[in-house]
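Q: For reference, this is data.txt, and it has compact mmCIF, C-alpha atoms (C1' of nucleotides).
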# COMPACT_ATOMS: atom_id res chain seq x y z
CA MET A 2 -2.78 -34.30 24.01
CA SER A 3 -2.33 -30.57 23.87
CA SER A 4 -0.16 -30.66 20.74
CA GLN A 5 -3.38 -31.56 19.01
CA LEU A 6 -5.24 -28.66 20.64
CA ILE A 7 -2.53 -26.27 19.54
CA LYS A 8 -2.67 -27.53 15.99
CA GLU A 9 -6.43 -27.18 15.86
CA ALA A 10 -6.34 -23.62 17.15
CA ALA A 11 -3.51 -22.81 14.73
CA LEU A 12 -5.44 -24.35 11.85
CA LYS A 13 -8.41 -22.14 12.58
CA LEU A 14 -6.44 -18.93 12.97
CA PHE A 15 -4.13 -19.55 10.03
CA ALA A 16 -7.23 -20.23 7.94
CA GLU A 17 -8.88 -16.99 8.99
CA ASN A 18 -5.95 -14.59 9.23
CA GLY A 19 -3.10 -16.21 7.37
CA TYR A 20 0.42 -16.95 8.57
CA GLU A 21 1.61 -13.40 9.05
CA GLY A 22 -1.73 -12.35 10.49
CA THR A 23 -1.58 -14.94 13.26
CA SER A 24 0.63 -14.65 16.33
CA LEU A 25 1.61 -17.42 18.69
CA ALA A 26 0.04 -15.39 21.49
CA GLN A 27 -3.33 -15.58 19.75
CA ILE A 28 -3.00 -19.31 19.24
CA GLY A 29 -2.13 -19.77 22.90
CA GLU A 30 -4.98 -17.57 24.04
CA GLU A 31 -7.40 -19.64 21.97
CA ILE A 32 -6.71 -22.65 24.18
CA GLY A 33 -5.81 -20.91 27.44
CA MET A 34 -2.08 -21.20 27.16
CA LYS A 35 0.84 -18.79 27.04
CA LYS A 36 2.80 -18.52 23.84
CA GLN A 37 5.96 -19.76 25.56
CA SER A 38 4.30 -23.06 26.32
CA ILE A 39 3.85 -23.76 22.64
CA TYR A 40 7.59 -24.24 22.46
CA SER A 41 7.23 -27.36 24.62
CA HIS A 42 5.51 -28.93 21.62
CA PHE A 43 6.97 -27.23 18.56
CA THR A 44 10.41 -25.83 17.99
CA SER A 45 9.26 -22.73 16.10
CA LYS A 46 6.32 -21.03 14.44
CA ASP A 47 7.39 -22.51 11.13
CA ASP A 48 7.53 -25.94 12.72
CA LEU A 49 3.96 -25.56 13.95
CA PHE A 50 2.78 -24.27 10.60
CA LEU A 51 4.38 -27.14 8.72
CA ALA A 52 2.88 -29.64 11.16
CA VAL A 53 -0.57 -28.17 10.55
CA LEU A 54 0.09 -28.23 6.82
CA GLU A 55 1.22 -31.86 6.90
CA ASP A 56 -1.87 -32.84 8.86
CA ALA A 57 -4.18 -30.95 6.54
CA PHE A 58 -2.54 -32.57 3.54
CA VAL A 59 -2.70 -36.12 4.88
CA VAL A 60 -6.28 -35.83 6.08
CA GLU A 61 -7.42 -34.11 2.89
CA GLN A 62 -5.71 -36.66 0.69
CA GLN A 63 -7.06 -39.62 2.64
CA HIS A 64 -10.48 -38.04 2.78
CA LYS A 65 -10.53 -37.55 -0.99
CA GLN A 66 -9.34 -41.06 -1.66
CA ASP A 67 -11.97 -42.62 0.57
CA TYR A 68 -14.69 -40.48 -0.91
CA LEU A 69 -13.75 -41.36 -4.46
CA LYS A 70 -13.54 -45.10 -3.83
CA GLN A 71 -16.93 -44.93 -2.21
CA HIS A 72 -18.74 -43.03 -4.97
CA LEU A 73 -16.78 -43.95 -8.06
CA ASP A 74 -19.39 -46.42 -9.28
CA GLU A 75 -22.29 -44.01 -9.26
CA PRO A 76 -23.48 -42.56 -12.57
CA LEU A 77 -21.13 -39.79 -13.69
CA HIS A 78 -23.76 -37.08 -13.43
CA ASP A 79 -24.64 -37.86 -9.81
CA PHE A 80 -21.04 -38.43 -8.86
CA LEU A 81 -19.82 -35.09 -10.18
CA ILE A 82 -22.61 -32.92 -8.86
CA LYS A 83 -22.35 -34.55 -5.45
CA THR A 84 -18.66 -33.77 -5.43
CA LEU A 85 -19.35 -30.11 -6.08
CA TYR A 86 -21.93 -29.75 -3.34
CA ARG A 87 -19.62 -31.41 -0.88
CA TYR A 88 -17.23 -28.49 -1.22
CA ILE A 89 -19.93 -26.06 -0.18
CA GLU A 90 -20.98 -28.19 2.77
CA ARG A 91 -17.46 -28.78 3.99
CA PHE A 92 -16.38 -25.17 3.69
CA GLN A 93 -18.92 -24.11 6.27
CA ASP A 94 -17.70 -26.10 9.25
CA ASP A 95 -14.35 -27.48 8.24
CA ASN A 96 -11.39 -25.22 8.85
CA ARG A 97 -9.16 -27.66 7.06
CA LEU A 98 -10.54 -26.77 3.65
CA LYS A 99 -10.40 -23.05 4.43
CA PHE A 100 -6.81 -23.39 5.59
CA TRP A 101 -5.91 -25.43 2.55
CA LEU A 102 -7.34 -22.87 0.14
CA ARG A 103 -5.71 -19.94 1.84
CA VAL A 104 -2.19 -21.31 2.08
CA SER A 105 -2.20 -22.71 -1.42
CA PHE A 106 -3.33 -19.37 -2.81
CA PHE A 107 -1.01 -17.23 -0.75
CA PRO A 108 1.59 -19.21 1.17
CA PRO A 109 4.08 -17.47 3.48
CA ALA A 110 6.88 -16.42 1.15
CA HIS A 111 9.72 -18.21 2.94
CA LEU A 112 7.80 -21.52 2.95
CA TYR A 113 6.68 -21.35 -0.66
CA GLU A 114 8.49 -24.50 -1.80
CA GLU A 115 7.22 -26.67 1.05
CA VAL A 116 3.63 -25.57 0.51
CA MET A 117 3.77 -26.02 -3.25
CA ASN A 118 5.33 -29.43 -2.82
CA TYR A 119 2.28 -30.63 -0.90
CA LEU A 120 -0.10 -28.82 -3.21
CA TYR A 121 1.22 -30.35 -6.41
CA ARG A 122 1.21 -33.83 -4.93
CA TYR A 123 -2.41 -33.32 -3.95
CA ILE A 124 -3.46 -31.92 -7.32
CA ASP A 125 -1.70 -34.66 -9.25
CA GLN A 126 -3.34 -37.38 -7.20
CA VAL A 127 -6.82 -35.90 -7.50
CA ASP A 128 -6.40 -35.17 -11.20
CA SER A 129 -5.37 -38.70 -12.04
CA LEU A 130 -8.18 -40.24 -10.01
CA TYR A 131 -10.81 -38.10 -11.71
CA LEU A 132 -9.25 -38.65 -15.10
CA LYS A 133 -9.73 -42.41 -14.76
CA ARG A 134 -13.38 -41.86 -13.99
CA PHE A 135 -13.81 -39.69 -17.09
CA GLN A 136 -12.08 -42.26 -19.26
CA ARG A 137 -14.44 -44.91 -18.01
CA ALA A 138 -17.36 -42.56 -18.64
CA ILE A 139 -16.35 -42.36 -22.28
CA GLU A 140 -16.06 -46.12 -22.58
CA LEU A 141 -19.50 -46.48 -21.03
CA ASN A 142 -20.93 -43.80 -23.32
CA GLU A 143 -21.93 -41.61 -20.39
CA ILE A 144 -20.48 -38.66 -22.28
CA LYS A 145 -19.66 -38.29 -25.94
CA LYS A 146 -17.28 -36.78 -28.40
CA ILE A 147 -14.98 -35.17 -25.94
CA GLU A 148 -11.52 -35.93 -24.70
CA ALA A 149 -11.44 -37.30 -21.16
CA ASP A 150 -8.63 -34.89 -20.43
CA THR A 151 -10.68 -31.92 -21.56
CA ALA A 152 -13.71 -32.91 -19.50
CA ASN A 153 -11.43 -33.48 -16.53
CA MET A 154 -9.68 -30.12 -16.70
CA ALA A 155 -12.94 -28.29 -17.26
CA PHE A 156 -14.38 -30.01 -14.21
CA SER A 157 -11.38 -29.04 -12.16
CA ALA A 158 -11.93 -25.47 -13.35
CA LEU A 159 -15.48 -25.79 -12.10
CA ILE A 160 -14.21 -26.78 -8.66
CA ASP A 161 -11.84 -23.82 -8.69
CA SER A 162 -14.66 -21.42 -9.36
CA ILE A 163 -16.67 -22.80 -6.46
CA CYS A 164 -13.73 -22.32 -4.17
CA VAL A 165 -13.42 -18.71 -5.26
CA GLU A 166 -17.06 -18.06 -4.60
CA LEU A 167 -16.82 -19.75 -1.22
CA VAL A 168 -13.88 -17.63 -0.20
CA TYR A 169 -15.46 -14.28 -0.88
CA GLY A 170 -19.07 -14.79 -1.73
CA GLY A 171 -21.66 -16.17 0.58
CA THR A 172 -23.02 -19.69 0.55
CA GLU A 173 -26.22 -18.81 -1.27
CA ARG A 174 -24.33 -17.01 -4.01
CA SER A 175 -22.04 -20.01 -4.33
CA GLU A 176 -25.00 -22.31 -4.79
CA LYS A 177 -26.62 -20.13 -7.44
CA LYS A 178 -23.38 -19.88 -9.34
CA LEU A 179 -22.76 -23.57 -8.96
CA GLN A 180 -26.13 -24.40 -10.46
CA ALA A 181 -25.56 -22.16 -13.46
CA ALA A 182 -22.02 -23.36 -14.08
CA TRP A 183 -23.02 -26.97 -13.64
CA GLN A 184 -25.90 -26.69 -16.09
CA VAL A 185 -23.61 -25.29 -18.76
CA TYR A 186 -20.84 -27.74 -17.96
CA TRP A 187 -23.04 -30.80 -18.16
CA ALA A 188 -24.65 -29.59 -21.36
CA GLY A 189 -21.15 -29.05 -22.71
CA ILE A 190 -19.72 -32.47 -22.00
CA SER A 191 -22.84 -34.41 -22.94
CA SER A 192 -23.62 -32.52 -26.14
CA VAL A 193 -22.92 -33.90 -29.58
CA SER A 194 -21.57 -30.58 -30.88
CA MET B 27 4.61 13.36 -7.25
CA SER B 28 6.04 10.84 -4.86
CA SER B 29 2.65 9.93 -3.37
CA GLN B 30 2.14 8.20 -6.66
CA LEU B 31 5.49 6.42 -6.41
CA ILE B 32 4.63 5.23 -2.93
CA LYS B 33 1.28 3.92 -4.05
CA GLU B 34 2.84 2.06 -6.95
CA ALA B 35 5.45 0.42 -4.73
CA ALA B 36 2.77 -0.40 -2.17
CA LEU B 37 0.55 -1.87 -4.86
CA LYS B 38 3.32 -4.17 -5.99
CA LEU B 39 4.31 -5.34 -2.52
CA PHE B 40 0.75 -5.71 -1.24
CA ALA B 41 0.02 -7.77 -4.34
CA GLU B 42 2.99 -10.05 -3.77
CA ASN B 43 3.12 -10.34 0.01
CA GLY B 44 -0.26 -9.21 1.26
CA TYR B 45 -1.07 -6.55 3.81
CA GLU B 46 0.46 -8.20 6.87
CA GLY B 47 3.43 -9.43 4.86
CA THR B 48 4.39 -5.94 3.73
CA SER B 49 6.09 -3.36 5.93
CA LEU B 50 6.31 0.34 5.36
CA ALA B 51 10.09 0.00 5.51
CA GLN B 52 10.00 -2.31 2.49
CA ILE B 53 7.79 0.09 0.59
CA GLY B 54 10.13 2.95 1.37
CA GLU B 55 13.19 0.94 0.38
CA GLU B 56 11.56 0.13 -2.96
CA ILE B 57 11.68 3.82 -3.90
CA GLY B 58 14.70 4.95 -1.88
CA MET B 59 12.84 6.53 0.97
CA LYS B 60 12.64 6.02 4.73
CA LYS B 61 9.46 4.59 6.09
CA GLN B 62 8.96 7.68 8.22
CA SER B 63 8.78 9.83 5.13
CA ILE B 64 5.76 7.93 3.96
CA TYR B 65 3.88 9.66 6.75
CA SER B 66 4.33 12.95 4.92
CA HIS B 67 1.90 11.57 2.37
CA PHE B 68 -0.34 9.17 4.26
CA THR B 69 -1.51 9.23 7.83
CA SER B 70 -1.15 5.50 8.45
CA LYS B 71 -0.58 2.14 6.83
CA ASP B 72 -4.32 1.68 6.62
CA ASP B 73 -4.66 5.06 4.95
CA LEU B 74 -2.09 4.07 2.33
CA PHE B 75 -3.72 0.71 1.80
CA LEU B 76 -7.14 2.23 1.33
CA ALA B 77 -5.73 4.78 -1.10
CA VAL B 78 -4.19 1.99 -3.14
CA LEU B 79 -7.44 0.08 -2.96
CA GLU B 80 -9.47 3.07 -4.08
CA ASP B 81 -7.11 3.65 -7.02
CA ALA B 82 -7.16 0.02 -8.02
CA PHE B 83 -10.93 0.01 -7.87
CA VAL B 84 -11.41 3.17 -9.91
CA VAL B 85 -8.88 2.21 -12.56
CA GLU B 86 -10.15 -1.36 -12.79
CA GLN B 87 -13.74 -0.22 -13.07
CA GLN B 88 -12.96 2.38 -15.71
CA HIS B 89 -10.75 -0.03 -17.55
CA LYS B 90 -13.46 -2.66 -17.65
CA GLN B 91 -16.06 -0.18 -18.79
CA ASP B 92 -13.90 1.12 -21.63
CA TYR B 93 -12.98 -2.38 -22.71
CA LEU B 94 -16.58 -3.50 -22.80
CA LYS B 95 -17.82 -0.50 -24.74
CA GLN B 96 -15.06 -1.05 -27.24
CA HIS B 97 -15.65 -4.76 -27.85
CA LEU B 98 -19.32 -5.14 -27.12
CA ASP B 99 -20.28 -5.30 -30.77
CA GLU B 100 -18.03 -8.18 -31.70
CA PRO B 101 -19.56 -11.64 -32.12
CA LEU B 102 -20.20 -13.19 -28.70
CA HIS B 103 -17.73 -16.02 -29.22
CA ASP B 104 -14.83 -13.72 -30.05
CA PHE B 105 -15.79 -11.23 -27.40
CA LEU B 106 -15.87 -13.78 -24.58
CA ILE B 107 -12.73 -15.67 -25.42
CA LYS B 108 -10.83 -12.43 -25.88
CA THR B 109 -11.98 -11.37 -22.43
CA LEU B 110 -10.61 -14.56 -20.91
CA TYR B 111 -7.21 -14.30 -22.53
CA ARG B 112 -6.92 -10.71 -21.41
CA TYR B 113 -6.90 -11.89 -17.82
CA ILE B 114 -3.91 -14.09 -18.46
CA GLU B 115 -2.06 -11.34 -20.30
CA ARG B 116 -2.78 -8.69 -17.73
CA PHE B 117 -1.88 -10.86 -14.76
CA GLN B 118 1.67 -11.14 -15.99
CA ASP B 119 2.64 -7.49 -15.99
CA ASP B 120 -0.13 -5.68 -14.22
CA ASN B 121 0.16 -5.57 -10.46
CA ARG B 122 -3.27 -4.04 -10.19
CA LEU B 123 -5.01 -7.27 -11.09
CA LYS B 124 -2.77 -9.28 -8.78
CA PHE B 125 -3.44 -6.86 -5.95
CA TRP B 126 -7.14 -6.91 -6.66
CA LEU B 127 -7.32 -10.69 -6.56
CA ARG B 128 -5.31 -11.01 -3.40
CA VAL B 129 -7.13 -8.47 -1.30
CA SER B 130 -10.54 -9.62 -2.41
CA PHE B 131 -9.68 -13.21 -1.52
CA PHE B 132 -8.05 -12.47 1.79
CA PRO B 133 -8.44 -8.89 2.93
CA PRO B 134 -6.80 -7.67 6.13
CA ALA B 135 -9.31 -8.64 8.81
CA HIS B 136 -9.85 -5.16 10.25
CA LEU B 137 -10.56 -3.68 6.81
CA TYR B 138 -12.91 -6.42 5.70
CA GLU B 139 -15.96 -4.18 5.27
CA GLU B 140 -14.17 -1.51 3.25
CA VAL B 141 -12.66 -4.06 0.89
CA MET B 142 -15.92 -5.94 0.42
CA ASN B 143 -17.74 -2.70 -0.22
CA TYR B 144 -15.52 -1.98 -3.22
CA LEU B 145 -15.59 -5.59 -4.34
CA TYR B 146 -19.35 -5.90 -4.42
CA ARG B 147 -19.73 -2.63 -6.27
CA TYR B 148 -17.26 -3.88 -8.85
CA ILE B 149 -18.89 -7.29 -9.22
CA ASP B 150 -22.37 -5.83 -9.56
CA GLN B 151 -21.26 -3.45 -12.25
CA VAL B 152 -19.42 -6.07 -14.27
CA ASP B 153 -22.22 -8.59 -13.84
CA SER B 154 -24.86 -6.23 -15.15
CA LEU B 155 -22.76 -5.16 -18.14
CA TYR B 156 -22.11 -8.74 -19.19
CA LEU B 157 -25.70 -9.71 -18.57
CA LYS B 158 -26.85 -7.13 -21.11
CA ARG B 159 -24.51 -8.62 -23.68
CA PHE B 160 -25.87 -12.10 -23.06
CA GLN B 161 -29.44 -10.89 -23.36
CA ARG B 162 -28.63 -9.36 -26.70
CA ALA B 163 -26.91 -12.58 -27.74
CA ILE B 164 -30.15 -14.44 -27.17
CA GLU B 165 -32.13 -11.90 -29.16
CA LEU B 166 -29.62 -12.23 -31.99
CA ASN B 167 -29.74 -16.03 -31.80
CA GLU B 168 -26.02 -16.22 -31.03
CA ILE B 169 -26.83 -18.76 -28.33
CA LYS B 170 -29.93 -20.80 -27.80
CA LYS B 171 -32.23 -22.31 -25.24
CA ILE B 172 -30.50 -20.95 -22.21
CA GLU B 173 -31.27 -18.19 -19.74
CA ALA B 174 -29.07 -15.15 -20.14
CA ASP B 175 -28.58 -15.16 -16.39
CA THR B 176 -27.35 -18.74 -16.41
CA ALA B 177 -24.90 -18.14 -19.23
CA ASN B 178 -23.69 -15.02 -17.46
CA MET B 179 -23.07 -16.67 -14.09
CA ALA B 180 -21.40 -19.64 -15.71
CA PHE B 181 -19.13 -17.29 -17.59
CA SER B 182 -18.29 -15.46 -14.42
CA ALA B 183 -17.44 -18.85 -12.87
CA LEU B 184 -15.13 -19.41 -15.81
CA ILE B 185 -13.34 -16.17 -15.05
CA ASP B 186 -13.04 -17.18 -11.39
CA SER B 187 -11.37 -20.42 -12.33
CA ILE B 188 -8.83 -18.63 -14.49
CA CYS B 189 -8.01 -16.33 -11.63
CA VAL B 190 -7.42 -19.32 -9.36
CA GLU B 191 -5.11 -20.94 -11.84
CA LEU B 192 -3.24 -17.67 -12.35
CA VAL B 193 -2.70 -17.24 -8.64
CA TYR B 194 -1.13 -20.59 -7.99
CA GLY B 195 -0.53 -22.32 -11.26
CA GLY B 196 1.78 -21.16 -13.96
CA THR B 197 0.74 -19.39 -17.13
CA GLU B 198 0.95 -22.45 -19.34
CA ARG B 199 -1.22 -24.48 -17.01
CA SER B 200 -3.72 -21.61 -16.98
CA GLU B 201 -3.89 -21.59 -20.74
CA LYS B 202 -4.41 -25.34 -21.00
CA LYS B 203 -7.13 -25.24 -18.42
CA LEU B 204 -8.68 -22.22 -20.04
CA GLN B 205 -8.86 -23.99 -23.38
CA ALA B 206 -10.54 -27.04 -21.88
CA ALA B 207 -13.00 -25.04 -19.80
CA TRP B 208 -13.80 -22.75 -22.69
CA GLN B 209 -14.45 -25.64 -25.07
CA VAL B 210 -16.93 -27.18 -22.65
CA TYR B 211 -18.50 -23.83 -21.80
CA TRP B 212 -19.07 -22.81 -25.40
CA ALA B 213 -20.46 -26.22 -26.26
CA GLY B 214 -22.72 -25.87 -23.25
CA ILE B 215 -24.23 -22.50 -24.06
CA SER B 216 -24.55 -23.09 -27.79
CA SER B 217 -25.94 -26.61 -27.61
CA VAL B 218 -29.59 -27.40 -28.22
CA SER B 219 -29.76 -29.89 -25.35
C1' DC C 18 4.90 -48.98 51.63
C1' DA C 19 7.38 -44.51 51.42
C1' DA C 20 11.22 -41.81 49.86
C1' DT C 21 13.62 -40.20 46.08
C1' DA C 22 15.09 -39.02 41.56
C1' DG C 23 14.02 -37.73 36.88
C1' DC C 24 11.08 -36.18 33.42
C1' DT C 25 7.45 -33.25 31.46
C1' DG C 26 4.46 -29.34 30.46
C1' DA C 27 3.47 -24.71 31.58
C1' DC C 28 4.90 -20.10 32.74
C1' DG C 29 7.26 -15.44 34.14
C1' DA C 30 10.84 -12.70 32.68
C1' DA C 31 13.54 -11.01 29.37
C1' DC C 32 16.20 -11.06 24.91
C1' DG C 33 17.08 -8.76 20.19
C1' DG C 34 14.56 -7.27 16.51
C1' DT C 35 10.97 -4.98 13.91
C1' DC C 36 6.78 -2.84 13.74
C1' DG C 37 3.91 1.64 13.37
C1' DT C 38 4.14 6.16 15.07
C1' DC C 39 5.53 10.83 16.10
C1' DA C 40 8.23 15.20 17.01
C1' DG C 41 11.55 18.03 15.17
C1' DG C 42 14.93 19.67 11.96
C1' DA C 43 17.32 20.25 7.16
C1' DG C 44 16.81 21.49 2.53
C1' DG C 45 14.81 23.67 -1.43
C1' DG C 46 11.36 25.90 -4.39
C1' DA C 47 7.75 29.61 -4.75
C1' DT D 27 9.67 34.61 3.91
C1' DC D 28 6.76 30.29 4.26
C1' DC D 29 5.55 25.85 2.89
C1' DC D 30 6.28 21.31 1.40
C1' DT D 31 9.18 17.21 1.13
C1' DC D 32 12.22 14.32 3.14
C1' DC D 33 15.19 12.99 6.70
C1' DT D 34 16.79 11.70 11.58
C1' DG D 35 16.20 10.00 16.17
C1' DA D 36 13.42 8.11 19.49
C1' DC D 37 9.34 5.86 21.35
C1' DG D 38 6.18 2.06 23.05
C1' DA D 39 4.21 -2.15 21.50
C1' DC D 40 4.55 -6.47 19.89
C1' DC D 41 6.93 -10.13 17.43
C1' DG D 42 9.33 -14.90 17.79
C1' DT D 43 12.42 -16.91 20.77
C1' DT D 44 15.24 -18.44 24.91
C1' DC D 45 16.20 -19.18 29.75
C1' DG D 46 15.38 -20.59 34.36
C1' DT D 47 11.95 -22.29 37.39
C1' DC D 48 8.40 -24.80 39.41
C1' DA D 49 4.51 -28.03 40.07
C1' DG D 50 2.93 -32.56 39.10
C1' DC D 51 3.48 -37.03 37.36
C1' DT D 52 6.13 -41.54 36.82
C1' DA D 53 9.41 -44.81 37.88
C1' DT D 54 12.91 -46.56 40.61
C1' DT D 55 14.75 -47.75 44.83
C1' DG D 56 15.21 -49.35 49.59
Starting from the file, lay out its structure as structure tokens.

A:
Amino acid sequence: MSSQLIKEAALKLFAENGYEGTSLAQIGEEIGMKKQSIYSHFTSKDDLFLAVLEDAFVVEQQHKQDYLKQHLDEPLHDFLIKTLYRYIERFQDDNRLKFWLRVSFFPPAHLYEEVMNYLYRYIDQVDSLYLKRFQRAIELNEIKKIEADTANMAFSALIDSICVELVYGGTERSEKKLQAAWQVYWAGISSVS
Amino acid sequence: MSSQLIKEAALKLFAENGYEGTSLAQIGEEIGMKKQSIYSHFTSKDDLFLAVLEDAFVVEQQHKQDYLKQHLDEPLHDFLIKTLYRYIERFQDDNRLKFWLRVSFFPPAHLYEEVMNYLYRYIDQVDSLYLKRFQRAIELNEIKKIEADTANMAFSALIDSICVELVYGGTERSEKKLQAAWQVYWAGISSVS
DNA sequence: CAATAGCTGACGAACGGTCGTCAGGAGGGA
DNA sequence: TCCCTCCTGACGACCGTTCGTCAGCTATTG
């Protein structure tokens, strides 16, 4: 199905050049198709963008859910650090994550509400899933003397910082920074301060 | 001088809508001027953008340097947390920071090298200044059992995460997250783990 | 089986609009 | 007087979008 091809090309170009920086002609060229033909599959550029966004959201959400269910029973330390490294791995060859970061940072102005609607749903879901894991960690004495909510938000801040580094730093810089930040973070939530 | 007016309007609009999302007509309208008149002051859109970028870089660099020299002798704890809160304050009513964040995350593709050139110079400078402060902190026993480099990179990750939250979260969410991340960070670098 | 009718995806041409760009002129201060 | 600033008018290029068309497939029909 060529709707799928179009969406994949659009995903890649939107991720690299943003909404305004990507023309339908470029998307068509990417898959050997004239821009007019895109209108056989989508009613407008916005329609295409929102379809890509919807897809990215659904896949990302499902992906996260599956991943969490699969690794939730590992020791907290292993679980968290594995989560962080996954971001670095995925960013390299997965346009979905790149797209997701770009549009949630700087969405096209006239689609701000739609984008933020997806984004907040995603954040809320992820936050609550991780929070449960932190609460269990406290019950199991994996970490001490810290609010689950605090550990959770600080971890989410850690993820944010990796994303930043991925967007403008290289991979090796991201890894170095990740190691440093992780060392401090883990010391912080497992200390008895 | 109206070159200055143009640059200020451009700074604001580039910060809010990005390079591709900002037209010269909009910039002109912002200061009651036709887009054609902008060409009396700048040879092209790129020229204007690079001028704004240069300004933002110089001012930001100077600003940071002054700030550091002024507060470098405070206790590490106060110095660091004050630095973090400054980001939140400045983001609200200083377009320069907003502009700086946006273009370093997602620069216009054809000006990638120029932007990154400034960015890396800025990062290197800031990194080395903070590193010195951390080294002194270790000598003064303000923090213990941790490499200055590690504490420095983790702190820089903390700043990154604040920037992320500022870009797409609200101010109150940024502050909550900052408090959590800071609590864990400070526990981490001052623990004896 | 073959003939026919309808549907679909892709494309050339062209629309109105906006972009960045440039030449040329009006106005005013030194 | 001569610059400098700002304006106007016009330009080609490209944007997203629409229209009409045409080839190829599918299904129906006799």

Q: For Gly29 of chain A, list every protein, DNA or RNA residue within 9 Å, evaluated using all atoms listed in the file, and leave out those in the same chain fewer than 4 positions away; present the list as a PDB file with C-alpha atoms, in the coordinates of the input.

A:
ATOM      1  CA  ILE A   7      -2.530 -26.270  19.540  1.00  0.00           C
ATOM      2  CA  ALA A  10      -6.340 -23.620  17.150  1.00  0.00           C
ATOM      3  CA  ALA A  11      -3.510 -22.810  14.730  1.00  0.00           C
ATOM      4  CA  SER A  24       0.630 -14.650  16.330  1.00  0.00           C
ATOM      5  CA  LEU A  25       1.610 -17.420  18.690  1.00  0.00           C
ATOM      6  CA  GLY A  33      -5.810 -20.910  27.440  1.00  0.00           C
ATOM      7  CA  MET A  34      -2.080 -21.200  27.160  1.00  0.00           C
ATOM      8  CA  LYS A  35       0.840 -18.790  27.040  1.00  0.00           C
ATOM      9  CA  LYS A  36       2.800 -18.520  23.840  1.00  0.00           C
ATOM     10  CA  GLN A  37       5.960 -19.760  25.560  1.00  0.00           C
ATOM     11  CA  SER A  38       4.300 -23.060  26.320  1.00  0.00           C
ATOM     12  CA  ILE A  39       3.850 -23.760  22.640  1.00  0.00           C
TER      13      ILE A  39
END

Q: Tell me, in Å to one decimal, how far atom CA of Leu184 of chain B is from atom CA of Arg199 of chain B.

A: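 For atom CA of Leu184 of chain B relative to atom CA of Arg199 of chain B, the distance reads 14.9 Å.
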
Q: Contacts from chain B to chain A, 9 Å maximum, only C-alpha atoms: show me the residue list as a VMD selection string.

A: chain B and resid 42 to 47 128 130 to 135 142 172 175 to 191 193 to 194 202 to 219

Q: Given the point (16.2, -40.1, 41.1) in the coordinates of this file, which residues lie within 12 Å, counting only C-alpha atoms (C1' of nucleotides), and how would they look as a short mmCIF file (atom, residue, chain, number, x, y, z; two decimals) with C-alpha atoms (C1' of nucleotides), keeping the file's coordinate frame?

A:
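Heads up, here's the output in out.cif:
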data_model
loop_
_atom_site.label_atom_id
_atom_site.label_comp_id
_atom_site.auth_asym_id
_atom_site.auth_seq_id
_atom_site.Cartn_x
_atom_site.Cartn_y
_atom_site.Cartn_z
"C1'" DA C 20 11.22 -41.81 49.86
"C1'" DT C 21 13.62 -40.20 46.08
"C1'" DA C 22 15.09 -39.02 41.56
"C1'" DG C 23 14.02 -37.73 36.88
"C1'" DC C 24 11.08 -36.18 33.42
"C1'" DT D 52 6.13 -41.54 36.82
"C1'" DA D 53 9.41 -44.81 37.88
"C1'" DT D 54 12.91 -46.56 40.61
"C1'" DT D 55 14.75 -47.75 44.83
#

Q: For chain C, list the residues within 9 Å of chain A, counting all atoms listed in the file, and write the list as a ChimeraX atom specification.

A: /C:26-28

Q: For chain A, which residue among D:DA36, D:DC41, D:DC30, D:DA49 is the nearest when counting all atoms listed in the file?

A: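 Between D:DA36, D:DC41, D:DC30, D:DA49, the residue approaching chain A most closely is D:DC41.
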